[in-house]
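Scroll down for the structure; my scribbles are underneath it.
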Amino acid sequence: MAPCSFWGKLVTVAGFEADDTLEQDAQLVQQCLQGDGSAWEELVRRHTRRIFNICYRFTGNGTEAEDLSQEVFLRVYKTIGSYRSAYGGFATWMTSVTRNLLIDHYRRTKRDRITDSLEDSMPVVENKESAGRRPDQQLLLGELSSQVQTALTKLSPELREAVILRDLQQLEYNEIRKVLDVPEGTVKSRINRGRIELARILQQMGVRPS
Amino acid sequence: MTWTCENIEARLSDYLDGLLSPDERHEFDLHANSCEDCAQMVASISQMVSGLHSMLQIETPPRLVYSILNQTLGPREAKKGWRGAFGWLSGLASPRFAYSAVSVAATLLILLTASGFSWRKPKLADLSPATVYRNANSKAHLAYAHTTKFVSDLRVVYEIQSRLNKDNELPTTPESTVPQSAPGKTPGSTDGTRPATPRQQNRANGLGKELEILATEVPVVSGQMCGRLLGRRTP
């Protein structure tokens with residue numbers, strides 16, 4: 001059985017709470033609080049993609065993800081004065097705002113939701129990281145991405161958000177704990193259950209990720 | 001403690017994320033290697049996690065950032081004052097624009113010079129279309145005439161050279177051409193002041209006449225050249 005020590009390292013590298021990022025974000029937030037519009041613009045540019053990806057993975061719908069991303073930034077803009085660095089990095093705080101908004105949205109649209117088919121969703125474009133892959137690999141990854149997205153939307157919101165934050169956004173456990181505002185044991189439990197449930201759904205769909 | 005299938009399922013993510021202690025990992029491996037169901041589950045979820053990790057990020061719609069900025073900062077306002085008036089100048093500093101500007105300037109320079117514009121004494125009248133056309137026409141004709149003359153001169157020079165080469169190929173000194181014979185054996189002069197044979201004498205006379213004709217026909221350059229050549233041959 002292959003040991004997964006590399007996984008932890010990879011997560012640490014890919015996590016968004018690098019020291020320089022924290023400092024830059026903190027500086028930009030300070031400038032924003034002093035009324036610097038360009039600092040806010042920079043913050044928006046730095047975090048839009050991540051927030052949009054969280055929203056898209058959670059909702060499985062491009063249009064909804066776009067609307068929710070706008071809503072997230074609007075809320076952050078209004079409440080940025082309440083952000084305290086003691087809470088954690090700005091990105092963690094922003095992710096927390098996003099998560100709360102996503103849960104609100106989920107509850108609000110629970111009745112309206114009939115199907116979670118992706119057929120009606122806005123087409124999305126894979127990013128530049130796909131440039132180095134062969135066309136057949138891109139096709140397989142694109143297909144897998146679509147199937148995983150479908151499976152994700154079948155998870156309960158608690159498990160879904162845990163898996164998204166851990167495996168797609170590659171956050172550390174303590175960061176997820178801050179975002180979800182639950183004990184670390186609960187985070188671990190949700191991630192574990194989320195993964196097992198997702199694997200089961202994928203198996204039912206006949207998908208074998210490799 | 002011997003781990004059960006329930007333990008494996010409960011600690012699976014800890015195992016995958018490297019959060020188990022060495023002892024726990026050992027126990028985990030021990031059970032997973034002996035239980036087919038657990039081994040299959042661990043392999044399946046491990047592959048899925050790897051797959052999730054390699055999933056591509058979704059590209060953000062281009063309008064999203066602008067929509068957010070418009071909603072938060074308000075619609076973009078045009079800059080006022082001198083910054084607004086001269087703000088477009090910052091775009092001129094780009095290398096692409098500078099390269100294009102230099103290319104255009106060089107083209108204009110060439111065209112103006114070709115149309116006869118005097119850079120030492122520039123006049124506005126020189127830029128009028130009629131003057132530009134007249135000057136360009138004159139320049140074009142002059143250029144054509146110069147080219148024609150140059151080609152003609154070259155032709156003359158080559159002609160002369162080829163004839164001289166042809167002449168050089170023929171034996172000119174009687175000592176080297178005429179076989180030595182005993183004096184007094186052959187009738188006629190053998191003192192070397194005259195060509196050895198009448199045929200050679202005729203050829204030399206003919207070449208000199210041709211060069212004289214060419215020198216009179218071609219006015220300046222070729223004439224001088226022919227004269228010089230003739231002078232060299234007939235000191």
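Every chain in the structure tokens has a letter given in the order shown (A, B, ...), and although residue numbers restart at 1 in each chain, ligands are simply numbered from 1 in the order shown.
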
I need the chain B residues near chain A as a PyMOL selection string; criterion: at most 9 Å, counting only C-alpha atoms. chain B and resi 9-19+29+32-33+39+41-61+64-65+67-69+71-73

Give me the residues near Asn135 (chain B) as number ranges by chain, where near means some atom within 12 Å (using only C-alpha atoms) and where sequence neighbours in that chain fewer than 4 positions away do not count. B: 111-118, 125-131, 139-143

To one decimal place in Å, what is the distance between CA of Thr107 (chain B) and CA of Ala136 (chain B)? 15.3 Å

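The space between CA of Ile80 (chain A) and CA of Asp36 (chain A) spans 12.9 Å.
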
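CA of Cys5 (chain B) is positioned 11.8 Å from CA of Gln40 (chain B).
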